[in-house]
$ cat work00.cif   # mmCIF, C-alpha atoms
data_final
#
loop_
_atom_site.label_atom_id
_atom_site.label_comp_id
_atom_site.auth_asym_id
_atom_site.auth_seq_id
_atom_site.Cartn_x
_atom_site.Cartn_y
_atom_site.Cartn_z
CA MET A 11 136.23 127.95 35.72
CA SER A 12 133.27 128.04 38.16
CA ASP A 13 130.86 130.20 36.22
CA ILE A 14 127.39 128.66 36.59
CA PHE A 15 125.18 129.67 39.49
CA THR A 16 123.43 126.68 41.03
CA ARG A 17 122.59 125.19 44.42
CA TYR A 18 123.05 122.28 46.75
CA GLY A 19 120.16 120.08 47.85
CA ASP A 20 119.79 122.14 51.03
CA GLY A 21 119.21 125.25 48.93
CA SER A 22 122.55 126.90 49.64
CA PRO A 23 123.91 128.74 46.57
CA THR A 24 127.14 127.79 44.85
CA ARG A 25 128.94 128.15 41.52
CA MET A 26 130.13 125.23 39.44
CA SER A 27 131.99 124.70 36.21
CA LYS A 28 130.09 123.29 33.23
CA GLU A 29 132.22 120.17 33.45
CA ASP A 30 131.30 119.60 37.10
CA ILE A 31 127.59 120.09 36.38
CA ARG A 32 127.74 117.58 33.56
CA PHE A 33 129.62 115.15 35.82
CA ASP A 34 126.95 115.44 38.53
CA LEU A 35 124.15 114.92 36.00
CA GLU A 36 125.80 111.70 34.88
CA GLU A 37 126.37 110.57 38.46
CA GLY A 38 122.78 111.38 39.44
CA THR A 39 121.20 109.39 36.64
CA ARG A 40 123.65 106.53 37.26
CA ASP A 41 122.66 106.42 40.94
CA ALA A 42 118.94 106.21 40.08
CA ALA A 43 119.56 103.57 37.44
CA ASP A 44 121.60 101.46 39.86
CA ARG A 45 119.11 101.69 42.71
CA GLY A 46 115.93 101.31 40.66
CA LYS A 47 117.37 98.90 38.08
CA ILE A 48 115.98 101.22 35.42
CA PRO A 49 117.53 102.81 32.32
CA ALA A 50 119.77 105.83 32.83
CA LEU A 51 118.99 109.00 30.87
CA THR A 52 120.22 109.06 27.29
CA GLU A 53 122.96 111.42 26.09
CA ALA A 54 120.30 113.57 24.40
CA GLU A 55 118.28 113.77 27.62
CA LEU A 56 121.39 114.65 29.62
CA ASP A 57 122.19 117.36 27.06
CA ARG A 58 118.69 118.83 27.51
CA LEU A 59 118.98 118.59 31.29
CA PHE A 60 122.33 120.36 31.11
CA GLU A 61 120.69 123.17 29.12
CA ILE A 62 117.94 123.52 31.74
CA CYS A 63 120.42 123.54 34.61
CA THR A 64 122.63 126.18 32.97
CA MET A 65 119.98 128.56 31.62
CA PRO A 66 120.94 132.08 32.76
CA GLU A 67 117.37 133.11 33.64
CA LYS A 68 116.34 133.13 37.27
CA ALA A 69 113.01 131.41 36.55
CA VAL A 70 112.30 129.09 33.63
CA THR A 71 109.06 127.54 32.37
CA VAL A 72 107.92 124.59 30.30
CA GLU A 73 107.47 125.23 26.62
CA ARG A 74 104.01 126.45 25.56
CA GLY A 75 101.79 123.44 25.06
CA ASP A 76 103.59 121.32 27.67
CA GLU A 77 101.66 122.67 30.68
CA VAL A 78 100.41 120.11 33.20
CA VAL A 79 97.85 119.85 35.98
CA VAL A 80 98.83 120.80 39.52
CA SER A 81 97.37 119.05 42.57
CA PHE A 82 98.16 119.62 46.26
CA ASP A 83 98.78 117.79 49.46
CA ALA A 84 98.21 119.58 52.77
CA GLY A 85 96.13 122.00 50.67
CA THR A 86 94.39 124.15 53.25
CA LEU A 87 97.25 123.85 55.72
CA LYS A 88 99.47 126.12 53.63
CA LEU A 89 97.88 129.57 53.85
CA PRO A 90 95.85 129.52 57.10
CA VAL A 91 98.29 127.40 59.13
CA ARG A 92 101.87 127.44 57.86
CA ALA A 93 101.73 131.00 56.53
CA GLY A 94 99.66 132.13 59.50
CA ILE A 95 97.18 134.09 57.44
CA PRO A 96 93.96 134.48 59.43
CA MET A 97 91.54 133.00 56.92
CA ASP A 98 89.23 130.02 57.06
CA ARG A 99 89.73 126.98 54.85
CA SER A 100 87.02 127.87 52.35
CA THR A 101 88.67 131.27 51.82
CA ALA A 102 92.01 129.52 51.30
CA ILE A 103 90.46 127.34 48.60
CA LEU A 104 88.85 130.31 46.86
CA THR A 105 92.17 132.17 47.05
CA HIS A 106 93.80 129.26 45.23
CA GLU A 107 90.97 129.18 42.69
CA ARG A 108 90.63 132.91 42.02
CA ALA A 109 94.09 134.35 42.78
CA PHE A 110 96.66 131.56 42.45
CA CYS A 111 94.76 129.88 39.60
CA SER A 112 95.44 126.42 40.93
CA ASP A 113 93.99 123.61 38.83
CA THR A 114 92.76 121.68 41.89
CA MET A 115 92.78 122.16 45.64
CA GLU A 116 92.59 120.02 48.74
CA LEU A 117 90.59 120.40 51.95
CA GLY A 118 92.47 119.04 54.92
CA HIS A 119 92.36 119.31 58.70
CA VAL A 120 95.29 120.49 60.79
CA ASP A 121 95.35 117.04 62.46
CA TYR A 122 96.04 115.55 59.03
CA SER A 123 95.58 111.79 59.63
CA TYR A 124 92.56 109.61 58.82
CA LYS A 125 92.48 108.15 62.34
CA GLN A 126 92.09 111.57 63.92
CA LEU A 127 89.25 112.60 61.61
CA LYS A 128 86.68 110.09 62.79
CA ALA A 129 85.78 112.21 65.80
CA ILE A 130 85.22 115.36 63.75
CA ILE A 131 83.87 113.83 60.56
CA HIS A 132 80.57 115.71 60.80
CA GLU A 133 82.33 119.09 60.82
CA GLU A 134 84.58 118.03 57.95
CA CYS A 135 81.58 116.92 55.89
CA GLN A 136 79.83 120.20 56.62
CA ALA A 137 82.91 122.15 55.52
CA MET A 138 83.11 120.16 52.26
CA GLU A 139 79.41 120.72 51.51
CA HIS A 140 79.78 124.49 51.97
CA ILE A 141 82.97 124.62 49.94
CA GLN A 142 81.42 122.70 47.07
CA LEU A 143 78.67 125.31 46.76
CA ASN A 144 81.18 128.09 46.15
CA THR A 145 84.04 126.53 44.22
CA ILE A 146 84.54 125.73 40.56
CA ILE A 147 87.84 123.81 40.67
CA PRO A 148 87.83 120.17 41.81
CA VAL A 149 88.42 119.86 45.56
CA PHE A 150 90.04 116.78 47.08
CA TYR A 151 89.75 115.76 50.69
CA GLY A 152 93.12 114.63 51.96
CA ALA A 153 94.91 113.17 54.96
CA MET A 154 97.64 110.67 55.83
CA PRO A 155 97.26 106.92 56.50
CA ASN A 156 99.79 107.44 59.34
CA LEU A 157 99.94 103.92 60.70
CA GLY A 158 102.13 105.01 63.59
CA LEU A 159 99.13 106.62 65.28
CA TYR A 160 97.68 103.17 65.99
CA THR A 161 100.50 102.35 68.41
CA LYS A 162 100.47 102.88 72.17
CA PRO A 163 99.92 105.32 73.81
CA ASP A 164 97.98 106.96 70.94
CA GLY A 165 96.39 103.70 69.81
CA PRO A 166 95.74 100.14 70.95
CA ILE A 167 98.73 98.35 69.39
CA ASP A 168 102.25 97.69 70.61
CA ASN A 169 104.81 99.88 68.91
CA TRP A 170 106.77 97.91 66.32
CA SER A 171 109.55 100.49 66.38
CA GLU A 172 110.11 99.56 70.02
CA LEU A 173 109.66 95.83 69.44
CA LEU A 174 112.13 95.59 66.56
CA PRO A 175 115.23 96.75 68.54
CA LEU A 176 114.31 94.12 71.16
CA ALA A 177 114.48 91.48 68.41
CA LYS A 178 110.77 90.75 68.89
CA ILE A 179 110.34 90.31 65.15
CA ALA A 180 107.19 88.18 65.17
CA GLU A 181 105.49 90.57 67.62
CA ALA A 182 106.48 93.59 65.52
CA LYS A 183 105.06 92.01 62.39
CA ALA A 184 101.83 91.04 64.13
CA ALA A 185 101.44 94.57 65.47
CA GLN A 186 101.76 96.04 61.98
CA GLU A 187 99.27 93.57 60.56
CA GLU A 188 96.77 94.55 63.26
CA ALA A 189 97.38 98.25 62.55
CA VAL A 190 96.58 97.67 58.88
CA GLU A 191 93.10 96.43 59.81
CA HIS A 192 92.39 99.53 61.92
CA ALA A 193 93.77 101.93 59.32
CA VAL A 194 91.78 100.41 56.46
CA LYS A 195 88.59 100.74 58.46
CA ASP A 196 89.28 104.40 59.29
CA MET A 197 90.34 105.39 55.76
CA VAL A 198 87.30 103.78 54.19
CA TYR A 199 84.97 105.39 56.74
CA VAL A 200 86.36 108.92 56.42
CA ALA A 201 86.79 108.80 52.65
CA SER A 202 83.26 107.45 52.19
CA ARG A 203 81.75 110.25 54.24
CA MET A 204 83.76 112.93 52.46
CA TYR A 205 82.93 111.55 49.02
CA GLU A 206 79.24 111.41 49.88
CA SER A 207 79.55 115.05 51.01
CA GLY A 208 80.69 116.05 47.55
CA ALA A 209 84.47 115.71 47.55
CA ASP A 210 85.76 115.52 43.96
CA GLY A 211 88.49 113.16 45.04
CA ILE A 212 90.25 111.54 47.97
CA ASN A 213 93.95 112.11 48.48
CA PHE A 214 95.96 109.56 50.42
CA ASP A 215 99.01 111.61 51.30
CA THR A 216 102.44 110.34 52.39
CA VAL A 217 101.59 106.72 51.68
CA GLY A 218 104.29 104.51 53.16
CA ALA A 219 105.47 106.92 55.85
CA SER A 220 105.31 104.03 58.32
CA GLY A 221 106.67 101.50 55.86
CA ASP A 222 105.20 98.66 53.85
CA ALA A 223 102.23 98.11 56.20
CA ASP A 224 101.23 101.73 55.64
CA VAL A 225 101.25 101.09 51.87
CA LEU A 226 99.27 97.87 52.21
CA ALA A 227 96.58 99.58 54.31
CA THR A 228 96.17 102.32 51.70
CA LEU A 229 96.01 99.88 48.80
CA GLN A 230 93.34 97.85 50.57
CA ALA A 231 91.35 100.98 51.47
CA ALA A 232 91.50 102.24 47.89
CA GLN A 233 90.32 98.89 46.56
CA ILE A 234 87.34 98.82 48.93
CA LEU A 235 86.43 102.43 48.08
CA LYS A 236 86.61 101.75 44.36
CA GLU A 237 84.32 98.74 44.69
CA LYS A 238 81.92 100.81 46.81
CA TYR A 239 82.02 103.94 44.61
CA PRO A 240 83.21 103.13 41.06
CA ASP A 241 83.33 106.85 40.14
CA ILE A 242 85.43 107.97 43.12
CA ALA A 243 88.71 109.70 42.23
CA ILE A 244 91.67 108.56 44.29
CA GLU A 245 95.14 110.08 44.39
CA PHE A 246 98.10 108.34 45.98
CA GLY A 247 100.88 110.64 47.19
CA MET A 248 103.85 108.59 48.31
CA ALA A 249 106.06 109.33 51.32
CA GLY A 250 109.37 108.31 49.79
CA GLU A 251 111.04 106.88 46.71
CA PHE A 252 111.51 103.47 48.31
CA VAL A 253 108.97 101.45 50.33
CA LEU A 254 110.59 100.73 53.67
CA GLY A 255 110.33 97.12 54.78
CA MET A 256 109.35 97.74 58.38
CA HIS A 257 107.47 94.43 58.15
CA GLY A 258 109.22 92.98 55.14
CA GLU A 259 106.81 90.25 54.16
CA LEU A 260 103.66 92.08 53.16
CA TYR A 261 102.27 91.43 49.69
CA TYR A 262 99.60 93.04 47.53
CA ASP A 263 98.24 90.95 44.69
CA GLY A 264 101.28 88.72 44.85
CA THR A 265 103.86 91.52 44.87
CA ARG A 266 106.10 92.13 47.85
CA LEU A 267 105.75 95.78 48.85
CA ALA A 268 109.06 96.29 50.65
CA GLY A 269 111.67 97.76 48.36
CA LEU A 270 109.42 98.98 45.56
CA TYR A 271 110.54 102.08 43.65
CA PRO A 272 108.16 104.55 41.92
CA HIS A 273 107.87 102.64 38.62
CA GLN A 274 106.79 99.57 40.63
CA GLN A 275 104.71 101.45 43.22
CA VAL A 276 102.53 102.95 40.48
CA LYS A 277 101.52 99.48 39.26
CA MET A 278 100.27 98.62 42.78
CA ALA A 279 98.33 101.90 42.93
CA GLU A 280 96.76 101.16 39.55
CA LYS A 281 95.65 97.69 40.66
CA ALA A 282 94.03 99.16 43.76
CA GLY A 283 92.08 101.65 41.65
CA ALA A 284 94.02 104.89 42.03
CA ASN A 285 93.36 107.52 39.35
CA ILE A 286 96.48 109.63 39.99
CA PHE A 287 99.86 108.55 41.35
CA GLY A 288 102.09 110.98 43.23
CA ALA A 289 105.66 109.81 42.71
CA VAL A 290 108.27 110.84 45.26
CA ILE A 291 112.02 111.03 44.75
CA ASN A 292 113.97 112.14 47.79
CA THR A 293 116.34 115.10 47.60
CA ASN A 294 119.84 114.57 49.01
CA SER A 295 120.69 117.84 50.76
CA SER A 296 124.45 117.23 50.52
CA MET A 297 124.48 116.76 46.75
CA THR A 298 124.06 119.41 44.06
CA PHE A 299 120.86 120.36 42.27
CA ALA A 300 122.29 118.84 39.09
CA TRP A 301 122.81 115.47 40.80
CA ASN A 302 119.37 115.55 42.40
CA ILE A 303 117.44 116.56 39.28
CA ALA A 304 119.16 113.96 37.08
CA ARG A 305 118.29 111.33 39.64
CA ALA A 306 114.67 112.52 40.00
CA VAL A 307 114.08 112.71 36.25
CA THR A 308 115.48 109.20 35.77
CA PHE A 309 113.06 107.73 38.32
CA VAL A 310 110.12 109.78 37.00
CA LYS A 311 110.75 108.83 33.39
CA ALA A 312 110.69 105.13 34.33
CA CYS A 313 107.53 105.71 36.37
CA THR A 314 105.59 107.56 33.64
CA GLU A 315 106.60 104.95 31.07
CA ALA A 316 105.27 102.17 33.32
CA ALA A 317 102.10 104.01 34.32
CA ASN A 318 98.68 103.79 32.71
CA ILE A 319 97.37 106.54 35.02
CA PRO A 320 98.60 110.14 35.29
CA VAL A 321 101.69 110.70 37.42
CA HIS A 322 101.82 113.88 39.50
CA VAL A 323 105.39 114.20 40.76
CA ASN A 324 105.69 115.46 44.31
CA VAL A 325 107.64 118.71 44.25
CA GLY A 326 107.41 120.04 47.77
CA MET A 327 110.47 120.91 49.80
CA GLY A 328 112.82 117.94 49.93
CA VAL A 329 111.36 115.87 47.09
CA GLY A 330 111.53 115.91 43.29
CA ALA A 331 114.90 117.71 43.37
CA ILE A 332 113.35 120.63 45.27
CA PRO A 333 115.88 121.76 47.91
CA VAL A 334 115.30 120.79 51.54
CA THR A 335 114.34 124.22 52.83
CA ASN A 336 111.08 125.92 53.78
CA THR A 337 111.65 128.63 51.18
CA PRO A 338 112.69 126.71 48.05
CA PRO A 339 114.41 129.09 45.61
CA VAL A 340 112.47 129.88 42.44
CA ASP A 341 115.44 129.05 40.19
CA ALA A 342 115.63 125.49 41.52
CA VAL A 343 111.86 124.92 41.68
CA SER A 344 111.17 126.13 38.16
CA ARG A 345 114.08 124.11 36.73
CA ALA A 346 112.88 121.00 38.52
CA ASP A 347 109.36 121.48 37.16
CA LYS A 348 110.58 122.01 33.60
CA ALA A 349 112.87 118.99 33.64
CA LEU A 350 110.32 116.66 35.28
CA VAL A 351 107.65 117.60 32.74
CA GLU A 352 109.72 117.89 29.57
CA ILE A 353 112.13 114.99 30.09
CA GLY A 354 110.40 112.92 32.77
CA LYS A 355 107.04 113.30 30.95
CA ALA A 356 105.14 113.98 34.17
CA ASP A 357 101.36 114.40 33.76
CA GLY A 358 101.17 116.79 36.66
CA LEU A 359 102.88 118.12 39.74
CA MET B 21 105.57 127.40 46.00
CA ALA B 22 102.05 127.11 44.54
CA ILE B 23 102.58 130.22 42.47
CA THR B 24 106.03 129.13 41.29
CA HIS B 25 104.73 125.73 40.18
CA GLU B 26 101.73 127.30 38.45
CA MET B 27 103.97 129.81 36.64
CA ALA B 28 106.60 127.24 35.68
CA ALA B 29 104.41 124.39 34.52
CA GLY B 30 100.75 124.76 35.55
CA MET B 31 97.78 124.99 33.23
CA GLY B 32 96.30 128.09 34.86
CA GLY B 33 93.21 126.82 36.67
CA ILE B 34 90.00 128.66 35.79
CA ARG B 35 91.95 131.37 33.94
CA THR B 36 92.29 128.72 31.24
CA ALA B 37 91.26 125.05 31.26
CA GLY B 38 93.33 123.63 34.11
CA ASP B 39 90.35 122.65 36.24
CA LEU B 40 88.68 120.91 33.28
CA VAL B 41 91.75 118.85 32.37
CA ALA B 42 92.24 118.02 36.05
CA ARG B 43 88.69 116.66 36.23
CA MET B 44 89.40 114.22 33.41
CA GLN B 45 92.62 113.03 35.05
CA MET B 46 90.79 112.58 38.34
CA THR B 47 87.66 110.84 37.13
CA LYS B 48 88.93 108.89 34.14
CA GLY B 49 92.59 108.46 35.04
CA MET B 50 93.57 110.03 31.72
CA LYS B 51 97.19 110.91 31.11
CA ILE B 52 97.82 114.56 30.31
CA LYS B 53 97.75 114.19 26.52
CA ASP B 54 94.45 112.27 26.52
CA ALA B 55 92.87 114.57 29.09
CA LYS B 56 93.79 117.66 27.06
CA GLU B 57 92.46 116.13 23.84
CA TYR B 58 89.17 115.18 25.52
CA VAL B 59 88.62 118.66 26.97
CA ALA B 60 89.73 120.44 23.78
CA ALA B 61 87.19 118.46 21.75
CA LYS B 62 84.41 119.20 24.24
CA VAL B 63 85.04 122.97 24.43
CA GLY B 64 85.92 123.37 20.75
CA VAL B 65 89.52 124.60 20.82
CA SER B 66 92.93 123.10 20.07
CA THR B 67 94.97 121.51 22.86
CA PHE B 68 97.47 124.32 22.33
CA ASP B 69 94.79 126.92 23.14
CA LEU B 70 93.70 125.23 26.36
CA CYS B 71 96.31 127.24 28.27
CA ASP B 72 95.76 130.50 26.43
CA GLU B 73 94.11 133.02 28.76
CA ALA B 74 92.63 135.13 25.97
CA VAL B 75 91.11 132.22 24.07
CA MET B 76 89.82 130.45 27.17
CA LYS B 77 88.29 133.61 28.66
CA GLU B 78 85.96 133.78 25.66
CA VAL B 79 85.27 130.04 25.76
CA ARG B 80 84.56 129.99 29.48
CA GLU B 81 82.25 132.98 29.24
CA GLN B 82 80.37 131.50 26.28
CA LEU B 83 79.95 128.14 27.99
CA ASP B 84 79.24 129.88 31.32
CA ILE B 85 81.55 127.55 33.23
CA GLY B 86 83.09 130.13 35.57
CA HIS B 87 86.08 132.44 35.32
CA VAL B 88 88.30 134.41 37.68
CA GLN B 89 86.36 137.59 36.97
CA ALA B 90 83.01 137.51 38.77
CA ARG B 91 80.74 139.06 36.14
CA VAL B 92 77.18 140.05 36.97
CA GLY B 93 74.83 137.23 36.04
CA ALA B 94 77.59 134.78 35.23
CA SER B 95 77.59 131.34 36.82
CA ILE B 96 79.72 130.84 39.90
CA GLY B 97 80.43 127.90 42.19
CA MET B 98 77.79 125.18 41.97
CA GLU B 99 76.10 126.87 38.99
CA ALA B 100 79.32 126.69 36.99
CA LYS B 101 79.82 123.06 38.01
CA PHE B 102 76.41 122.14 36.62
CA ASN B 103 77.56 123.56 33.28
CA ILE B 104 80.97 121.86 33.49
CA ALA B 105 79.33 118.48 34.09
CA ARG B 106 77.16 119.01 31.00
CA VAL B 107 79.96 120.30 28.75
CA LEU B 108 82.42 117.56 29.73
CA ASP B 109 79.70 114.88 29.81
CA MET B 110 80.72 113.73 33.28
CA LYS B 111 79.26 113.29 36.73
CA ILE B 112 80.32 115.65 39.52
CA GLN B 113 79.48 114.28 42.94
CA ALA B 114 78.52 117.66 44.44
CA VAL B 115 76.24 118.38 41.48
CA GLU B 116 74.55 115.00 41.92
CA ASN B 117 74.08 115.78 45.63
CA PHE B 118 72.56 119.15 44.78
CA LYS B 119 70.11 117.58 42.32
CA ARG B 120 69.09 114.94 44.85
CA LYS B 121 68.57 117.46 47.65
CA THR B 122 66.53 119.82 45.51
CA GLY B 123 64.49 117.14 43.80
CA MET B 124 65.89 117.99 40.36
#
$ encode --input "work00.cif" --output "structure tokens"
Amino acid sequence: MSDIFTRYGDGSPTRMSKEDIRFDLEEGTRDAADRGKIPALTEAELDRLFEICTMPEKAVTVERGDEVVVSFDAGTLKLPVRAGIPMDRSTAILTHERAFCSDTMELGHVDYSYKQLKAIIHEECQAMEHIQLNTIIPVFYGAMPNLGLYTKPDGPIDNWSELLPLAKIAEAKAAQEEAVEHAVKDMVYVASRMYESGADGINFDTVGASGDADVLATLQAAQILKEKYPDIAIEFGMAGEFVLGMHGELYYDGTRLAGLYPHQQVKMAEKAGANIFGAVINTNSSMTFAWNIARAVTFVKACTEAANIPVHVNVGMGVGAIPVTNTPPVDAVSRADKALVEIGKADGL
Amino acid sequence: MAITHEMAAGMGGIRTAGDLVARMQMTKGMKIKDAKEYVAAKVGVSTFDLCDEAVMKEVREQLDIGHVQARVGASIGMEAKFNIARVLDMKIQAVENFKRKTGM
């Protein structure tokens, strides 16, 4: 009998039998275990996950005492830009501090890539200095490595996505290696200026969006920043659960970056000096919430067990079992949070 | 989304001790358990009470480290951060900048 209300990964509502939910939980954890070569969830953990998925309440919460820290990507893009509320960025941050009671916040520019920020760095520094005078919560400065912006016509380098289909493999690899050098320089420059202006931390958001070269550039930038400013706080927010091998032969400290999953990515971030790691597990919009959350929790549990630094699981739309929709339903979001914290042992979201 | 996450699993920001625990994760790379224990010891409550609005309102007002209610004479913004840096025994970059610029 189909008696449990739940959803698909695209957010659309459905009803499932208890047996089908349990089956999808087992399939989800098996999929993560197979792909990541990590342990599947135990029977006890699957039982707990089943309870969370089938709770009748619309919204659920973690148990008292299990609360975690919340950090943000695209922080000041949410209220003034996406929601279209006519407020400046400092007001958005104070709204998060005073009304939403966020634990941290992030200042970011609408052109959210480190390369683009060089030209307006003075205005960004000025904004951070003003914001720091008025805020109590820690404020990150954040943007994306976005290696793709270094390709023609936006940048000086040939586009490896055009070279690869032409079988120009060596040229595509060389182009990515050149882009890494540019990106490192820009990330170090912008992050240095923002830290010196009072930023409490630097957020590298969507690391790996352009593949393994994107990851390498961020690791190198973080390492340089940490040597330059030993007290700087650095957060890595990944772009996906799996590092795409757009280059395929890039290494960091002897480890090949292509193909790394979250429990391996976090070790690279640690070596580079990151203080917080933002694990990403992609949501499959065609599969059920049960399948997606079992899969996400399996990856997160392996990641938190491997990590020596706090893991903040990315739980925006389309990641961390959150449905792929701009208005993620509260029932799915709150269940994902509870499961990721209580079973996955996440240190934050 | 921000509100849902905060309600479902968040610490509560400056209503409680969320910002303080966040600072220890950010600066020391502490996992959540260690960060909570560090902050709890510094502010003199149990880790359980760190997310209790009633307990932490009193603590935050006594330590003058900022709260959602803007009381007359209470520290806000940079003033509160000076006190947070002292209570948590940590450096805050903006506070260091302020000291340098004002010759403190």
$ interface_residues --input "work00.cif" --of "chain B" --to "chain A" --cutoff "9 Å" --atoms "all atoms listed in the file" --output "PDB file with C-alpha atoms, keeping the file's coordinate frame"
ATOM      1  CA  MET B  21     105.570 127.400  46.000  1.00  0.00           C
ATOM      2  CA  ALA B  22     102.050 127.110  44.540  1.00  0.00           C
ATOM      3  CA  ILE B  23     102.580 130.220  42.470  1.00  0.00           C
ATOM      4  CA  THR B  24     106.030 129.130  41.290  1.00  0.00           C
ATOM      5  CA  HIS B  25     104.730 125.730  40.180  1.00  0.00           C
ATOM      6  CA  GLU B  26     101.730 127.300  38.450  1.00  0.00           C
ATOM      7  CA  MET B  27     103.970 129.810  36.640  1.00  0.00           C
ATOM      8  CA  ALA B  28     106.600 127.240  35.680  1.00  0.00           C
ATOM      9  CA  ALA B  29     104.410 124.390  34.520  1.00  0.00           C
ATOM     10  CA  GLY B  30     100.750 124.760  35.550  1.00  0.00           C
ATOM     11  CA  MET B  31      97.780 124.990  33.230  1.00  0.00           C
ATOM     12  CA  GLY B  32      96.300 128.090  34.860  1.00  0.00           C
ATOM     13  CA  GLY B  33      93.210 126.820  36.670  1.00  0.00           C
ATOM     14  CA  ILE B  34      90.000 128.660  35.790  1.00  0.00           C
ATOM     15  CA  ARG B  35      91.950 131.370  33.940  1.00  0.00           C
ATOM     16  CA  THR B  36      92.290 128.720  31.240  1.00  0.00           C
ATOM     17  CA  ALA B  37      91.260 125.050  31.260  1.00  0.00           C
ATOM     18  CA  GLY B  38      93.330 123.630  34.110  1.00  0.00           C
ATOM     19  CA  ASP B  39      90.350 122.650  36.240  1.00  0.00           C
ATOM     20  CA  LEU B  40      88.680 120.910  33.280  1.00  0.00           C
ATOM     21  CA  VAL B  41      91.750 118.850  32.370  1.00  0.00           C
ATOM     22  CA  ALA B  42      92.240 118.020  36.050  1.00  0.00           C
ATOM     23  CA  ARG B  43      88.690 116.660  36.230  1.00  0.00           C
ATOM     24  CA  GLN B  45      92.620 113.030  35.050  1.00  0.00           C
ATOM     25  CA  MET B  46      90.790 112.580  38.340  1.00  0.00           C
ATOM     26  CA  THR B  47      87.660 110.840  37.130  1.00  0.00           C
ATOM     27  CA  LYS B  48      88.930 108.890  34.140  1.00  0.00           C
ATOM     28  CA  GLY B  49      92.590 108.460  35.040  1.00  0.00           C
ATOM     29  CA  MET B  50      93.570 110.030  31.720  1.00  0.00           C
ATOM     30  CA  LYS B  51      97.190 110.910  31.110  1.00  0.00           C
ATOM     31  CA  ILE B  52      97.820 114.560  30.310  1.00  0.00           C
ATOM     32  CA  LYS B  53      97.750 114.190  26.520  1.00  0.00           C
ATOM     33  CA  THR B  67      94.970 121.510  22.860  1.00  0.00           C
ATOM     34  CA  PHE B  68      97.470 124.320  22.330  1.00  0.00           C
ATOM     35  CA  ASP B  69      94.790 126.920  23.140  1.00  0.00           C
ATOM     36  CA  LEU B  70      93.700 125.230  26.360  1.00  0.00           C
ATOM     37  CA  CYS B  71      96.310 127.240  28.270  1.00  0.00           C
ATOM     38  CA  ILE B  85      81.550 127.550  33.230  1.00  0.00           C
ATOM     39  CA  GLY B  86      83.090 130.130  35.570  1.00  0.00           C
ATOM     40  CA  HIS B  87      86.080 132.440  35.320  1.00  0.00           C
ATOM     41  CA  VAL B  88      88.300 134.410  37.680  1.00  0.00           C
ATOM     42  CA  GLN B  89      86.360 137.590  36.970  1.00  0.00           C
ATOM     43  CA  ILE B  96      79.720 130.840  39.900  1.00  0.00           C
ATOM     44  CA  GLY B  97      80.430 127.900  42.190  1.00  0.00           C
ATOM     45  CA  MET B  98      77.790 125.180  41.970  1.00  0.00           C
ATOM     46  CA  GLU B  99      76.100 126.870  38.990  1.00  0.00           C
ATOM     47  CA  ALA B 100      79.320 126.690  36.990  1.00  0.00           C
ATOM     48  CA  LYS B 101      79.820 123.060  38.010  1.00  0.00           C
ATOM     49  CA  ILE B 104      80.970 121.860  33.490  1.00  0.00           C
ATOM     50  CA  LYS B 111      79.260 113.290  36.730  1.00  0.00           C
ATOM     51  CA  ILE B 112      80.320 115.650  39.520  1.00  0.00           C
ATOM     52  CA  GLN B 113      79.480 114.280  42.940  1.00  0.00           C
ATOM     53  CA  ALA B 114      78.520 117.660  44.440  1.00  0.00           C
ATOM     54  CA  VAL B 115      76.240 118.380  41.480  1.00  0.00           C
ATOM     55  CA  GLU B 116      74.550 115.000  41.920  1.00  0.00           C
ATOM     56  CA  ASN B 117      74.080 115.780  45.630  1.00  0.00           C
ATOM     57  CA  PHE B 118      72.560 119.150  44.780  1.00  0.00           C
TER      58      PHE B 118
END
$ atom_distance --input "work00.cif" --atom1 "atom CA of His273 of chain A" --atom2 "atom CA of Ala42 of chain A"
11.7 Å
$ resolve_selection --input "work00.cif" --expression "the PyMOL selection byres ((chain A and resi 226) around 8)" --output "VMD selection string"
chain A and resid 190 222 to 225 227 to 230 260 to 262 267
$ write_last_selection --input "work00.cif" --atoms "C-alpha atoms" --output "PDB file, in the coordinates of the input"
ATOM      1  CA  VAL A 190      96.580  97.670  58.880  1.00  0.00           C
ATOM      2  CA  ASP A 222     105.200  98.660  53.850  1.00  0.00           C
ATOM      3  CA  ALA A 223     102.230  98.110  56.200  1.00  0.00           C
ATOM      4  CA  ASP A 224     101.230 101.730  55.640  1.00  0.00           C
ATOM      5  CA  VAL A 225     101.250 101.090  51.870  1.00  0.00           C
ATOM      6  CA  ALA A 227      96.580  99.580  54.310  1.00  0.00           C
ATOM      7  CA  THR A 228      96.170 102.320  51.700  1.00  0.00           C
ATOM      8  CA  LEU A 229      96.010  99.880  48.800  1.00  0.00           C
ATOM      9  CA  GLN A 230      93.340  97.850  50.570  1.00  0.00           C
ATOM     10  CA  LEU A 260     103.660  92.080  53.160  1.00  0.00           C
ATOM     11  CA  TYR A 261     102.270  91.430  49.690  1.00  0.00           C
ATOM     12  CA  TYR A 262      99.600  93.040  47.530  1.00  0.00           C
ATOM     13  CA  LEU A 267     105.750  95.780  48.850  1.00  0.00           C
TER      14      LEU A 267
END
$ resolve_selection --input "work00.cif" --expression "the PyMOL selection byres ((chain A and resi 194) around 12)" --output "PyMOL selection string"
chain A and resi 124-125+154-157+160+187-193+195-202+214+223-235
$ atom_distance --input "work00.cif" --atom1 "atom CA of Val334 of chain A" --atom2 "atom CA of Gly21 of chain A"
6.5 Å
$ atom_distance --input "work00.cif" --atom1 "atom CA of Gly165 of chain A" --atom2 "atom CA of Ala182 of chain A"
14.9 Å
$ decode --input "work00.cif" --residues "segment 309-313 of chain A" --atoms "C-alpha atoms" --output "compact mmCIF listing (two decimals), in the first residue's frame"
# COMPACT_ATOMS: atom_id res chain seq x y z
CA PHE A 309 29.30 9.60 1.13
CA VAL A 310 29.15 12.14 3.98
CA LYS A 311 29.75 9.54 6.67
CA ALA A 312 32.89 8.35 4.85
CA CYS A 313 34.00 11.96 4.43
